[in-house]
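Content type mmCIF, C-alpha atoms, from the file input-v9.cif:
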data_coords
loop_
_atom_site.group_PDB
_atom_site.id
_atom_site.type_symbol
_atom_site.label_atom_id
_atom_site.label_comp_id
_atom_site.auth_asym_id
_atom_site.auth_seq_id
_atom_site.Cartn_x
_atom_site.Cartn_y
_atom_site.Cartn_z
ATOM 1 C CA MET Y 230 0.000 0.000 0.000
ATOM 2 C CA THR Y 231 1.455 3.373 -1.048
ATOM 3 C CA THR Y 232 1.553 6.142 1.565
ATOM 4 C CA LEU Y 233 0.361 9.519 0.313
ATOM 5 C CA LEU Y 234 2.934 12.147 1.219
ATOM 6 C CA THR Y 235 1.555 15.393 2.583
ATOM 7 C CA ILE Y 236 3.103 18.651 3.673
ATOM 8 C CA PRO Y 237 3.149 19.494 7.421
ATOM 9 C CA GLN Y 238 -0.095 20.760 8.915
ATOM 10 C CA HIS Y 239 1.344 24.149 9.910
ATOM 11 C CA TYR Y 240 2.384 24.632 6.270
ATOM 12 C CA GLU Y 241 -1.183 23.826 5.252
ATOM 13 C CA GLU Y 242 -2.411 26.588 7.541
ATOM 14 C CA ILE Y 243 -0.220 29.078 5.681
ATOM 15 C CA LEU Y 244 -1.613 27.937 2.341
ATOM 16 C CA ALA Y 245 -5.151 28.381 3.674
ATOM 17 C CA ILE Y 246 -4.375 31.978 4.687
ATOM 18 C CA TRP Y 247 -2.827 32.679 1.294
ATOM 19 C CA GLU Y 248 -5.821 31.262 -0.574
ATOM 20 C CA ILE Y 249 -8.071 33.668 1.310
ATOM 21 C CA GLU Y 250 -5.840 36.717 0.818
ATOM 22 C CA TYR Y 251 -4.647 35.947 -2.736
ATOM 23 C CA PRO Y 252 -6.920 33.245 -4.240
ATOM 24 C CA GLU Y 253 -5.203 32.799 -7.615
ATOM 25 C CA ALA Y 254 -1.637 33.025 -6.324
ATOM 26 C CA GLY Y 255 -2.562 30.829 -3.348
ATOM 27 C CA LYS Y 256 -3.821 28.057 -5.615
ATOM 28 C CA ARG Y 257 -0.576 28.029 -7.547
ATOM 29 C CA ALA Y 258 1.441 27.982 -4.336
ATOM 30 C CA ARG Y 259 -0.557 24.961 -3.162
ATOM 31 C CA SER Y 260 0.212 23.054 -6.350
ATOM 32 C CA LEU Y 261 3.870 24.050 -6.408
ATOM 33 C CA LEU Y 262 4.895 23.537 -2.786
ATOM 34 C CA PRO Y 263 4.633 19.710 -2.795
ATOM 35 C CA ILE Y 264 6.969 19.593 -5.808
ATOM 36 C CA LEU Y 265 9.584 21.746 -4.096
ATOM 37 C CA LEU Y 266 9.241 19.822 -0.823
ATOM 38 C CA ASP Y 267 9.150 16.355 -2.385
ATOM 39 C CA GLY Y 268 12.646 15.332 -1.288
ATOM 40 C CA LEU Y 269 11.941 16.433 2.272
ATOM 41 C CA MET Y 270 8.543 14.745 2.473
ATOM 42 C CA SER Y 271 9.987 11.455 1.243
ATOM 43 C CA SER Y 272 13.118 11.657 3.397
ATOM 44 C CA PRO Y 273 13.558 8.939 6.052
ATOM 45 C CA ASP Y 274 15.128 11.570 8.334
ATOM 46 C CA LYS Y 275 12.572 12.440 11.019
ATOM 47 C CA ASN Y 276 14.197 15.885 11.344
ATOM 48 C CA ALA Y 277 13.802 16.769 7.658
ATOM 49 C CA PHE Y 278 11.447 19.640 8.497
ATOM 50 C CA SER Y 279 13.277 20.904 11.578
ATOM 51 C CA SER Y 280 16.999 20.902 10.743
ATOM 52 C CA SER Y 281 17.356 23.453 7.946
ATOM 53 C CA ALA Y 282 19.808 26.352 8.107
ATOM 54 C CA LEU Y 283 17.226 28.559 6.379
ATOM 55 C CA THR Y 284 15.412 29.589 9.563
ATOM 56 C CA MET Y 285 16.108 29.756 13.284
ATOM 57 C CA THR Y 286 13.373 27.169 13.886
ATOM 58 C CA GLY Y 287 14.942 24.758 11.382
ATOM 59 C CA SER Y 288 12.068 25.049 8.902
ATOM 60 C CA PRO Y 289 13.178 24.568 5.258
ATOM 61 C CA PHE Y 290 10.234 26.745 4.135
ATOM 62 C CA GLU Y 291 10.041 30.442 4.983
ATOM 63 C CA PRO Y 292 7.212 32.718 3.818
ATOM 64 C CA ALA Y 293 8.252 36.320 3.331
ATOM 65 C CA PHE Y 294 6.300 39.530 3.187
ATOM 66 C CA SER Y 295 7.114 42.460 0.972
ATOM 67 C CA LEU Y 296 5.467 45.180 2.998
ATOM 68 C CA ALA Y 297 5.040 47.572 0.073
ATOM 69 C CA SER Y 298 3.819 45.279 -2.718
ATOM 70 C CA PRO Y 299 1.150 42.565 -3.034
ATOM 71 C CA GLY Y 300 1.624 38.905 -3.848
ATOM 72 C CA LEU Y 301 3.142 35.827 -2.256
ATOM 73 C CA ARG Y 302 6.803 35.052 -1.760
ATOM 74 C CA TYR Y 303 8.759 32.390 0.061
ATOM 75 C CA THR Y 304 12.112 30.661 0.159
ATOM 76 C CA ILE Y 305 12.722 26.903 0.123
ATOM 77 C CA CYS Y 306 15.817 24.963 1.128
ATOM 78 C CA PRO Y 307 14.685 21.879 -0.828
ATOM 79 C CA ALA Y 308 17.501 19.344 -0.544
ATOM 80 C CA PRO Y 309 16.848 16.472 1.895
ATOM 81 C CA PRO Y 310 19.256 16.356 4.866
ATOM 82 C CA THR Y 311 20.750 13.057 3.649
ATOM 83 C CA LEU Y 312 22.037 14.748 0.482
ATOM 84 C CA PRO Y 313 25.591 16.157 0.601
ATOM 85 C CA LEU Y 314 25.491 19.961 0.609
ATOM 86 C CA SER Y 315 27.824 19.988 -2.391
ATOM 87 C CA ASP Y 316 24.994 18.364 -4.384
ATOM 88 C CA SER Y 317 22.207 20.695 -3.223
ATOM 89 C CA LEU Y 318 22.690 23.139 -6.098
ATOM 90 C CA GLU Y 319 22.315 20.419 -8.708
ATOM 91 C CA TYR Y 320 19.280 19.112 -6.824
ATOM 92 C CA SER Y 321 17.651 22.575 -6.818
ATOM 93 C CA ILE Y 322 18.249 22.921 -10.544
ATOM 94 C CA SER Y 323 16.599 19.548 -11.150
ATOM 95 C CA LEU Y 324 13.489 20.746 -9.308
ATOM 96 C CA LEU Y 325 13.383 23.940 -11.354
ATOM 97 C CA SER Y 326 13.685 21.938 -14.571
ATOM 98 C CA LYS Y 327 10.562 19.993 -13.553
ATOM 99 C CA LEU Y 328 8.809 23.356 -13.520
ATOM 100 C CA ASN Y 329 10.245 24.229 -16.940
ATOM 101 C CA VAL Y 330 12.386 26.938 -15.357
ATOM 102 C CA LEU Y 331 15.815 27.122 -16.961
ATOM 103 C CA LEU Y 332 19.048 28.860 -16.017
ATOM 104 C CA PRO Y 333 20.121 31.881 -18.081
ATOM 105 C CA GLU Y 334 22.960 31.294 -20.512
ATOM 106 C CA SER Y 335 26.010 32.570 -18.637
ATOM 107 C CA ASP Y 336 29.409 31.296 -17.635
ATOM 108 C CA TYR Y 337 28.903 32.866 -14.220
ATOM 109 C CA PHE Y 338 26.810 29.930 -13.091
ATOM 110 C CA SER Y 339 29.404 27.276 -13.908
ATOM 111 C CA ARG Y 340 32.100 29.354 -12.210
ATOM 112 C CA LEU Y 341 29.983 29.825 -9.075
ATOM 113 C CA SER Y 342 29.140 26.142 -9.033
ATOM 114 C CA LYS Y 343 32.841 25.281 -9.033
ATOM 115 C CA LEU Y 344 33.475 27.658 -6.141
ATOM 116 C CA GLN Y 345 31.102 25.622 -3.990
ATOM 117 C CA LYS Y 346 33.539 22.715 -4.210
ATOM 118 C CA ASN Y 347 36.290 24.851 -2.649
ATOM 119 C CA GLY Y 348 35.075 25.088 0.929
ATOM 120 C CA THR Y 349 32.545 24.411 3.664
ATOM 121 C CA LEU Y 350 28.852 25.004 2.972
ATOM 122 C CA THR Y 351 26.002 25.693 5.386
ATOM 123 C CA TYR Y 352 23.049 25.066 3.054
ATOM 124 C CA GLY Y 353 24.381 25.041 -0.506
ATOM 125 C CA ALA Y 354 21.424 26.348 -2.493
ATOM 126 C CA GLN Y 355 17.930 27.735 -1.975
ATOM 127 C CA ILE Y 356 15.006 28.587 -4.236
ATOM 128 C CA GLY Y 357 13.027 31.798 -3.926
ATOM 129 C CA VAL Y 358 9.479 31.894 -5.316
ATOM 130 C CA ARG Y 359 7.118 34.774 -6.009
ATOM 131 C CA HIS Y 360 3.492 34.470 -7.073
ATOM 132 C CA SER Y 361 1.510 37.416 -8.382
ATOM 133 C CA ASP Y 362 -2.107 37.063 -9.466
ATOM 134 C CA ARG Y 363 -0.984 36.269 -13.006
ATOM 135 C CA GLU Y 364 2.500 34.795 -12.994
ATOM 136 C CA ASP Y 365 5.252 33.043 -11.076
ATOM 137 C CA SER Y 366 8.925 33.923 -10.868
ATOM 138 C CA TYR Y 367 11.927 32.250 -9.296
ATOM 139 C CA LYS Y 368 15.334 33.026 -7.857
ATOM 140 C CA LEU Y 369 18.168 30.599 -7.309
ATOM 141 C CA TYR Y 370 20.464 31.391 -4.389
ATOM 142 C CA ILE Y 371 24.008 30.000 -4.509
ATOM 143 C CA GLU Y 372 26.007 29.987 -1.289
ATOM 144 C CA ILE Y 373 29.680 30.917 -1.489
ATOM 145 C CA PRO Y 374 31.970 29.202 1.042
ATOM 146 C CA PRO Y 375 34.314 31.525 2.971
ATOM 147 C CA GLU Y 376 37.318 29.804 1.447
ATOM 148 C CA ALA Y 377 36.253 30.992 -2.037
ATOM 149 C CA ALA Y 378 35.550 34.613 -1.110
ATOM 150 C CA ILE Y 379 38.401 36.140 -3.110
ATOM 151 C CA GLU Y 380 37.411 34.349 -6.321
ATOM 152 C CA ALA Y 381 33.767 35.280 -5.700
ATOM 153 C CA ASP Y 382 34.774 38.916 -5.275
ATOM 154 C CA MET Y 383 36.331 38.862 -8.746
ATOM 155 C CA ILE Y 384 33.076 37.546 -10.252
ATOM 156 C CA ALA Y 385 31.104 40.183 -8.334
ATOM 157 C CA GLU Y 386 33.273 42.937 -9.799
ATOM 158 C CA GLU Y 387 32.595 41.620 -13.301
ATOM 159 C CA ILE Y 388 28.836 41.673 -12.680
ATOM 160 C CA LEU Y 389 28.627 44.982 -10.831
ATOM 161 C CA GLY Y 390 31.327 46.804 -12.701
ATOM 162 C CA SER Y 391 33.216 48.316 -9.775
ATOM 163 C CA LYS Y 392 35.078 47.314 -6.640
ATOM 164 C CA PRO Y 393 33.321 47.130 -3.239
ATOM 165 C CA LEU Y 394 34.069 50.001 -0.917
ATOM 166 C CA LEU Y 395 34.287 48.146 2.404
ATOM 167 C CA ASN Y 396 37.221 45.982 1.450
ATOM 168 C CA SER Y 397 39.915 47.279 3.788
ATOM 169 C CA SER Y 398 41.649 44.746 5.999
ATOM 170 C CA SER Y 399 39.527 45.836 8.963
ATOM 171 C CA ARG Y 400 36.173 45.553 7.119
ATOM 172 C CA ASN Y 401 36.736 42.976 4.369
ATOM 173 C CA ALA Y 402 33.159 42.605 3.142
ATOM 174 C CA ARG Y 403 33.097 39.653 0.737
ATOM 175 C CA PRO Y 404 30.278 38.027 -1.255
ATOM 176 C CA THR Y 405 28.438 35.259 0.602
ATOM 177 C CA ILE Y 406 25.565 34.538 -1.818
ATOM 178 C CA PHE Y 407 24.812 35.040 -5.499
ATOM 179 C CA GLY Y 408 21.162 35.214 -6.478
ATOM 180 C CA ILE Y 409 19.984 34.592 -10.036
ATOM 181 C CA ASP Y 410 16.628 36.022 -11.085
ATOM 182 C CA LEU Y 411 15.576 33.274 -13.494
ATOM 183 C CA LYS Y 412 13.007 35.463 -15.241
ATOM 184 C CA LYS Y 413 15.184 38.522 -15.820
ATOM 185 C CA GLY Y 414 18.465 36.631 -16.119
ATOM 186 C CA THR Y 415 20.091 39.135 -13.722
ATOM 187 C CA TYR Y 416 22.447 38.463 -10.819
ATOM 188 C CA GLU Y 417 22.294 39.846 -7.279
ATOM 189 C CA VAL Y 418 25.378 39.791 -5.064
ATOM 190 C CA TYR Y 419 24.942 39.516 -1.294
ATOM 191 C CA TYR Y 420 27.569 40.556 1.238
ATOM 192 C CA ARG Y 421 27.995 40.185 4.984
ATOM 193 C CA VAL Y 422 29.734 42.727 7.195
ATOM 194 C CA GLU Y 423 30.274 43.030 10.929
ATOM 195 C CA ASN Y 424 29.447 46.128 12.996
ATOM 196 C CA LEU Y 425 28.192 48.383 10.225
ATOM 197 C CA HIS Y 426 28.383 52.099 11.052
ATOM 198 C CA PRO Y 427 25.477 54.361 9.969
ATOM 199 C CA LEU Y 428 27.828 56.512 7.874
ATOM 200 C CA GLU Y 429 28.943 53.410 5.967
ATOM 201 C CA ILE Y 430 25.474 53.057 4.431
ATOM 202 C CA ALA Y 431 26.273 56.093 2.277
ATOM 203 C CA THR Y 432 29.620 54.488 1.472
ATOM 204 C CA LEU Y 433 27.888 51.334 0.277
ATOM 205 C CA LEU Y 434 25.461 53.353 -1.820
ATOM 206 C CA SER Y 435 28.277 55.364 -3.369
ATOM 207 C CA ARG Y 436 29.262 52.211 -5.258
ATOM 208 C CA ILE Y 437 26.128 52.724 -7.340
ATOM 209 C CA ASN Y 438 26.185 56.548 -7.166
ATOM 210 C CA LEU Y 439 23.280 56.807 -4.711
ATOM 211 C CA SER Y 440 24.994 57.929 -1.496
ATOM 212 C CA GLU Y 441 22.552 60.834 -1.138
ATOM 213 C CA ARG Y 442 19.744 58.335 -0.516
ATOM 214 C CA ALA Y 443 21.272 56.907 2.669
ATOM 215 C CA PRO Y 444 19.045 59.066 4.935
ATOM 216 C CA GLU Y 445 15.965 57.323 3.517
ATOM 217 C CA LEU Y 446 17.184 53.972 4.828
ATOM 218 C CA LEU Y 447 18.393 55.398 8.135
ATOM 219 C CA ALA Y 448 15.017 57.039 8.762
ATOM 220 C CA ILE Y 449 13.180 53.710 8.596
ATOM 221 C CA LEU Y 450 15.831 51.924 10.648
ATOM 222 C CA SER Y 451 15.594 54.634 13.293
ATOM 223 C CA ASP Y 452 11.851 54.042 13.486
ATOM 224 C CA THR Y 453 12.526 50.451 14.576
ATOM 225 C CA GLN Y 454 14.311 51.768 17.673
ATOM 226 C CA ARG Y 455 13.187 53.654 20.774
ATOM 227 C CA LEU Y 456 16.085 56.080 20.348
ATOM 228 C CA ARG Y 457 17.133 57.564 17.029
ATOM 229 C CA ILE Y 458 20.157 55.871 15.441
ATOM 230 C CA LYS Y 459 23.182 58.181 15.508
ATOM 231 C CA HIS Y 460 26.515 56.526 16.135
ATOM 232 C CA GLU Y 461 25.988 52.789 15.619
ATOM 233 C CA LEU Y 462 23.517 50.340 14.139
ATOM 234 C CA PRO Y 463 22.004 47.695 16.424
ATOM 235 C CA GLY Y 464 23.630 44.267 16.416
ATOM 236 C CA SER Y 465 26.906 43.000 15.052
ATOM 237 C CA THR Y 466 25.878 41.310 11.793
ATOM 238 C CA TRP Y 467 24.480 43.080 8.742
ATOM 239 C CA GLY Y 468 24.069 42.205 5.102
ATOM 240 C CA PHE Y 469 23.685 44.194 1.911
ATOM 241 C CA SER Y 470 23.247 43.402 -1.747
ATOM 242 C CA TYR Y 471 23.377 44.905 -5.226
ATOM 243 C CA SER Y 472 21.328 43.832 -8.216
ATOM 244 C CA LYS Y 473 22.160 45.294 -11.609
ATOM 245 C CA GLU Y 474 18.854 46.067 -13.350
ATOM 246 C CA ASN Y 475 20.376 47.564 -16.507
ATOM 247 C CA ASP Y 476 23.527 49.348 -17.637
ATOM 248 C CA SER Y 477 23.032 52.285 -15.278
ATOM 249 C CA GLU Y 478 20.526 51.295 -12.574
ATOM 250 C CA TYR Y 479 20.825 49.073 -9.513
ATOM 251 C CA THR Y 480 18.632 47.847 -6.699
ATOM 252 C CA PHE Y 481 20.216 47.998 -3.246
ATOM 253 C CA SER Y 482 19.197 46.037 -0.146
ATOM 254 C CA LEU Y 483 20.227 46.353 3.495
ATOM 255 C CA TYR Y 484 19.197 43.800 6.089
ATOM 256 C CA THR Y 485 19.757 42.181 9.472
ATOM 257 C CA PHE Y 486 17.939 39.773 11.765
ATOM 258 C CA ALA Y 487 14.528 41.038 12.874
ATOM 259 C CA ASN Y 488 15.218 40.157 16.507
ATOM 260 C CA THR Y 489 18.349 42.325 16.366
ATOM 261 C CA LEU Y 490 16.173 45.364 15.694
ATOM 262 C CA PHE Y 491 13.034 44.566 17.667
ATOM 263 C CA GLY Y 492 13.723 41.779 20.167
ATOM 264 C CA PRO Y 493 11.660 38.578 20.615
ATOM 265 C CA ASP Y 494 8.838 37.578 18.272
ATOM 266 C CA GLY Y 495 6.078 39.417 20.139
ATOM 267 C CA TRP Y 496 8.041 42.664 19.961
ATOM 268 C CA VAL Y 497 8.851 42.102 16.284
ATOM 269 C CA ARG Y 498 5.156 41.685 15.529
ATOM 270 C CA ASP Y 499 4.221 44.820 17.466
ATOM 271 C CA GLY Y 500 6.953 46.784 15.706
ATOM 272 C CA ILE Y 501 5.986 45.645 12.215
ATOM 273 C CA LEU Y 502 2.300 46.404 12.782
ATOM 274 C CA SER Y 503 3.142 49.837 14.191
ATOM 275 C CA LEU Y 504 5.465 50.709 11.317
ATOM 276 C CA GLY Y 505 2.883 49.369 8.886
ATOM 277 C CA GLU Y 506 0.418 52.000 10.050
ATOM 278 C CA LYS Y 507 2.987 54.770 9.729
ATOM 279 C CA TYR Y 508 4.275 53.806 6.281
ATOM 280 C CA ASN Y 509 1.044 52.332 4.916
ATOM 281 C CA TRP Y 510 2.725 48.949 4.405
ATOM 282 C CA ASN Y 511 0.908 46.017 2.892
ATOM 283 C CA LEU Y 512 0.402 43.687 5.884
ATOM 284 C CA LYS Y 513 -2.022 41.424 4.060
ATOM 285 C CA GLY Y 514 -1.541 37.947 5.486
ATOM 286 C CA TYR Y 515 1.201 38.935 7.930
ATOM 287 C CA ALA Y 516 -1.080 40.016 10.789
ATOM 288 C CA THR Y 517 -3.065 36.767 10.559
ATOM 289 C CA MET Y 518 -0.072 34.474 10.136
ATOM 290 C CA SER Y 519 1.852 36.072 13.013
ATOM 291 C CA GLN Y 520 -1.128 36.165 15.400
ATOM 292 C CA PRO Y 521 0.089 33.152 17.462
ATOM 293 C CA LEU Y 522 3.264 35.116 18.253
ATOM 294 C CA LYS Y 523 1.417 37.970 19.928
ATOM 295 C CA GLY Y 524 3.163 38.633 23.223
ATOM 296 C CA SER Y 525 5.773 35.909 22.626
ATOM 297 C CA ARG Y 526 9.078 36.276 24.458
ATOM 298 C CA SER Y 527 10.579 32.980 23.271
ATOM 299 C CA HIS Y 528 14.338 32.902 22.699
ATOM 300 C CA ILE Y 529 13.746 30.963 19.451
ATOM 301 C CA SER Y 530 12.685 33.488 16.833
ATOM 302 C CA HIS Y 531 10.221 32.652 14.058
ATOM 303 C CA HIS Y 532 10.952 35.985 12.396
ATOM 304 C CA GLY Y 533 14.008 35.861 10.167
ATOM 305 C CA ILE Y 534 15.541 38.704 8.198
ATOM 306 C CA PHE Y 535 14.183 42.251 8.194
ATOM 307 C CA GLY Y 536 15.364 44.127 5.154
ATOM 308 C CA LEU Y 537 14.986 47.337 3.205
ATOM 309 C CA VAL Y 538 15.147 47.218 -0.569
ATOM 310 C CA MET Y 539 15.644 50.362 -2.629
ATOM 311 C CA PRO Y 540 14.810 49.961 -6.329
ATOM 312 C CA PRO Y 541 15.824 52.649 -8.825
ATOM 313 C CA LYS Y 542 13.777 55.855 -8.517
ATOM 314 C CA MET Y 543 11.477 54.325 -5.860
ATOM 315 C CA LYS Y 544 11.094 54.688 -2.112
ATOM 316 C CA PRO Y 545 12.648 51.968 0.064
ATOM 317 C CA ALA Y 546 10.354 49.025 0.765
ATOM 318 C CA ALA Y 547 10.563 46.759 3.804
ATOM 319 C CA TRP Y 548 10.335 42.973 3.829
ATOM 320 C CA ILE Y 549 10.468 40.314 6.523
ATOM 321 C CA GLY Y 550 10.692 36.518 6.727
ATOM 322 C CA LEU Y 551 8.454 34.483 9.025
ATOM 323 C CA ALA Y 552 8.965 30.759 9.585
ATOM 324 C CA PRO Y 553 5.812 28.590 9.895
ATOM 325 C CA ILE Y 554 4.444 28.488 13.435
ATOM 326 C CA GLU Y 555 3.698 25.044 14.811
ATOM 327 C CA ILE Y 556 1.178 25.209 17.625
#

If you convert what's in this file into structure tokens, what do you get?
Amino acid sequence: MTTLLTIPQHYEEILAIWEIEYPEAGKRARSLLPILLDGLMSSPDKNAFSSSALTMTGSPFEPAFSLASPGLRYTICPAPPTLPLSDSLEYSISLLSKLNVLLPESDYFSRLSKLQKNGTLTYGAQIGVRHSDREDSYKLYIEIPPEAAIEADMIAEEILGSKPLLNSSSRNARPTIFGIDLKKGTYEVYYRVENLHPLEIATLLSRINLSERAPELLAILSDTQRLRIKHELPGSTWGFSYSKENDSEYTFSLYTFANTLFGPDGWVRDGILSLGEKYNWNLKGYATMSQPLKGSRSHISHHGIFGLVMPPKMKPAAWIGLAPIEI
């Protein structure tokens, strides 16, 4: 007798919320998720859904909310835990091929794939999915091991066209992830840096000739804090990214862990809802999905990354990841 594989119940609850908020996109998410989770659902490892490096809870599935635009988005770490991390990229590509999603023609991919063989990986590869009412789009995230950072920096310079500006011996910001937008065929380069100073945001933006827009990001970040940010940003670990949209325009992102800015889950939720009122953010689905975290002071955070993305000629938009909540 064949056992019918099903996704976890707390994932089902997310799909139900999505189908109410975004009926068409929710239906497509319901049909797609079992394909992306197939290796995990069929894995003999009882910890397949609780041991991922994607989230603090170990969930290999993380819904995300773009607080300024509608639609569904989520990230999947699809490879089963029994698969070597060095094979997770190939596994992710095989899943995308089942969906008739192909990689763009570029030698960057083969070069990045080789870099993964040169060091220690934490997750290997992840798939990002977005559903609008009418279409689906995908991103492939390729982790770069620390041992290959110098080679990755050379590839990043080829893509972005200029050298990073926090590359002194004391700062040494190196690429940690390359993201490929499989619809546009564009690459996004993600960096990690320790103890970012507020003034360095303008330095990062000067790489793409947008240093004058740093106050826009600082204003929102200051609103996450009780006291206005002046001399240092909260927390020790920050990330930033650049995505080249065309020959002259870039999208910039700045992000850190949500609990670094707000505290435990209950405080994160309160902060997001409060900021949502001030900035007229799209909280469709978030308020409902995060309801079980109201008042939570747990040391294990379901909220993941809080980020600000600044597309060309547009105001910064916030986004946040929220791992499924098992009650």

Subject >> Residues near range 242-259 of chain Y, cut-off 6 Å, all atoms listed in the file, skip fewer than 4 positions along chain, as a PyMOL selection string >> reply: chain Y and resi 360-362

Requested write-out: C-alpha atoms of the selected residues, as a tab-separated table (two decimals), in the frame of the given file:
chain	number	residue	atom	x	y	z
Y	360	HIS	CA	3.49	34.47	-7.07
Y	361	SER	CA	1.51	37.42	-8.38
Y	362	ASP	CA	-2.11	37.06	-9.47

Original post:
Counting only C-alpha atoms, which residues come within 12 Å of (0.6, 14.6, 2.1), with the point read in the file's coordinates, and could you list them as a PyMOL selection string?
Top reply: chain Y and resi 231-238+240-241+259-260+262-264+266-267+269-271

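Between Ser281 in chain Y and the residues Y:Gly408, Y:Gly348, Y:Gly353, Y:Pro333, the shortest atom-to-atom distance, using all atoms listed in the file, involves Y:Gly353.
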
Original post:
Which residues fall under the PyMOL selection byres ((chain Y and resi 405) around 6) in this file, as a ChimeraX atom specification?
Top reply: /Y:373,404,406,419-420

Subject >> Residue members of the PyMOL selection byres ((chain Y and resi 285) around 12) in the file shown, as a VMD selection string >> reply: chain Y and resid 279 to 284 286 to 291 486 to 488 494 527 to 534 550 to 554

Could you take the residues named above and write them with C-alpha atoms, as a JSON list (two decimals), in the frame of the given file?
[["chain", "number", "residue", "atom", "x", "y", "z"],
["Y", 279, "SER", "CA", 13.28, 20.90, 11.58],
["Y", 280, "SER", "CA", 17.00, 20.90, 10.74],
["Y", 281, "SER", "CA", 17.36, 23.45, 7.95],
["Y", 282, "ALA", "CA", 19.81, 26.35, 8.11],
["Y", 283, "LEU", "CA", 17.23, 28.56, 6.38],
["Y", 284, "THR", "CA", 15.41, 29.59, 9.56],
["Y", 286, "THR", "CA", 13.37, 27.17, 13.89],
["Y", 287, "GLY", "CA", 14.94, 24.76, 11.38],
["Y", 288, "SER", "CA", 12.07, 25.05, 8.90],
["Y", 289, "PRO", "CA", 13.18, 24.57, 5.26],
["Y", 290, "PHE", "CA", 10.23, 26.74, 4.14],
["Y", 291, "GLU", "CA", 10.04, 30.44, 4.98],
["Y", 486, "PHE", "CA", 17.94, 39.77, 11.76],
["Y", 487, "ALA", "CA", 14.53, 41.04, 12.87],
["Y", 488, "ASN", "CA", 15.22, 40.16, 16.51],
["Y", 494, "ASP", "CA", 8.84, 37.58, 18.27],
["Y", 527, "SER", "CA", 10.58, 32.98, 23.27],
["Y", 528, "HIS", "CA", 14.34, 32.90, 22.70],
["Y", 529, "ILE", "CA", 13.75, 30.96, 19.45],
["Y", 530, "SER", "CA", 12.68, 33.49, 16.83],
["Y", 531, "HIS", "CA", 10.22, 32.65, 14.06],
["Y", 532, "HIS", "CA", 10.95, 35.98, 12.40],
["Y", 533, "GLY", "CA", 14.01, 35.86, 10.17],
["Y", 534, "ILE", "CA", 15.54, 38.70, 8.20],
["Y", 550, "GLY", "CA", 10.69, 36.52, 6.73],
["Y", 551, "LEU", "CA", 8.45, 34.48, 9.02],
["Y", 552, "ALA", "CA", 8.96, 30.76, 9.59],
["Y", 553, "PRO", "CA", 5.81, 28.59, 9.90],
["Y", 554, "ILE", "CA", 4.44, 28.49, 13.44]]

**OP:** Could you check which of Y:Gly505, Y:Pro427, Y:Gly514, Y:Gly495 is closest to Leu301 in chain Y, using all atoms listed in the file?
**Re:** Y:Gly514

Subject >> Computed interatomic separation between CA of Ala377 in chain Y and CA of Thr485 in chain Y (Å) >> reply: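 Between these atoms lies a distance of 23.0 Å.
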
Original post:
Which residues come within 10 Å of Leu450 in chain Y, counting all atoms listed in the file, excluding same-chain residues fewer than 5 positions away, as a list in words?
Top reply: Pro427, Pro444, Glu445, Arg457, Ile458, Leu462, Pro463, Tyr484, Leu490, Gly536 and Leu537 of chain Y

Subject >> For Pro374 in chain Y: contacts at 12 Å, only C-alpha atoms, fewer than 3 positions along chain excluded, given as a PyMOL selection string >> reply: chain Y and resi 314-315+341-354+371+377-382+403-407

**OP:** Quote the spacing between CA of Gln454 in chain Y and CA of Gly357 in chain Y in Å to one decimal place.
**Re:**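 CA of Gln454 in chain Y sits 29.4 Å away from CA of Gly357 in chain Y.
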
Original post:
What residues come out when you apply the PyMOL selection byres ((chain Y and resi 436-442) around 9) to this file, written as a PyMOL selection string?
Top reply: chain Y and resi 389+391-394+430-435+443-446+471+477-481

Considering all atoms listed in the file, return as a PDB file with C-alpha atoms, keeping the file's coordinate frame whatever protein or nucleic-acid residues lie within 10 Å of range 413-417 of chain Y, sequence-local ones (same chain, fewer than 6 positions apart) excluded.
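Full text of around-v4.pdb as output:
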ATOM      1  CA  LEU Y 331      15.815  27.122 -16.961  1.00  0.00           C
ATOM      2  CA  LEU Y 332      19.048  28.860 -16.017  1.00  0.00           C
ATOM      3  CA  PRO Y 333      20.121  31.881 -18.081  1.00  0.00           C
ATOM      4  CA  GLU Y 334      22.960  31.294 -20.512  1.00  0.00           C
ATOM      5  CA  SER Y 335      26.010  32.570 -18.637  1.00  0.00           C
ATOM      6  CA  TYR Y 337      28.903  32.866 -14.220  1.00  0.00           C
ATOM      7  CA  PHE Y 338      26.810  29.930 -13.091  1.00  0.00           C
ATOM      8  CA  SER Y 366       8.925  33.923 -10.868  1.00  0.00           C
ATOM      9  CA  TYR Y 367      11.927  32.250  -9.296  1.00  0.00           C
ATOM     10  CA  LYS Y 368      15.334  33.026  -7.857  1.00  0.00           C
ATOM     11  CA  LEU Y 369      18.168  30.599  -7.309  1.00  0.00           C
ATOM     12  CA  TYR Y 370      20.464  31.391  -4.389  1.00  0.00           C
ATOM     13  CA  ALA Y 385      31.104  40.183  -8.334  1.00  0.00           C
ATOM     14  CA  ILE Y 388      28.836  41.673 -12.680  1.00  0.00           C
ATOM     15  CA  LEU Y 389      28.627  44.982 -10.831  1.00  0.00           C
ATOM     16  CA  ILE Y 406      25.565  34.538  -1.818  1.00  0.00           C
ATOM     17  CA  PHE Y 407      24.812  35.040  -5.499  1.00  0.00           C
ATOM     18  CA  SER Y 470      23.247  43.402  -1.747  1.00  0.00           C
ATOM     19  CA  TYR Y 471      23.377  44.905  -5.226  1.00  0.00           C
ATOM     20  CA  SER Y 472      21.328  43.832  -8.216  1.00  0.00           C
ATOM     21  CA  LYS Y 473      22.160  45.294 -11.609  1.00  0.00           C
ATOM     22  CA  GLU Y 474      18.854  46.067 -13.350  1.00  0.00           C
ATOM     23  CA  ASN Y 475      20.376  47.564 -16.507  1.00  0.00           C
ATOM     24  CA  TYR Y 479      20.825  49.073  -9.513  1.00  0.00           C
ATOM     25  CA  THR Y 480      18.632  47.847  -6.699  1.00  0.00           C
ATOM     26  CA  PHE Y 481      20.216  47.998  -3.246  1.00  0.00           C
ATOM     27  CA  SER Y 482      19.197  46.037  -0.146  1.00  0.00           C
TER      28      SER Y 482
END
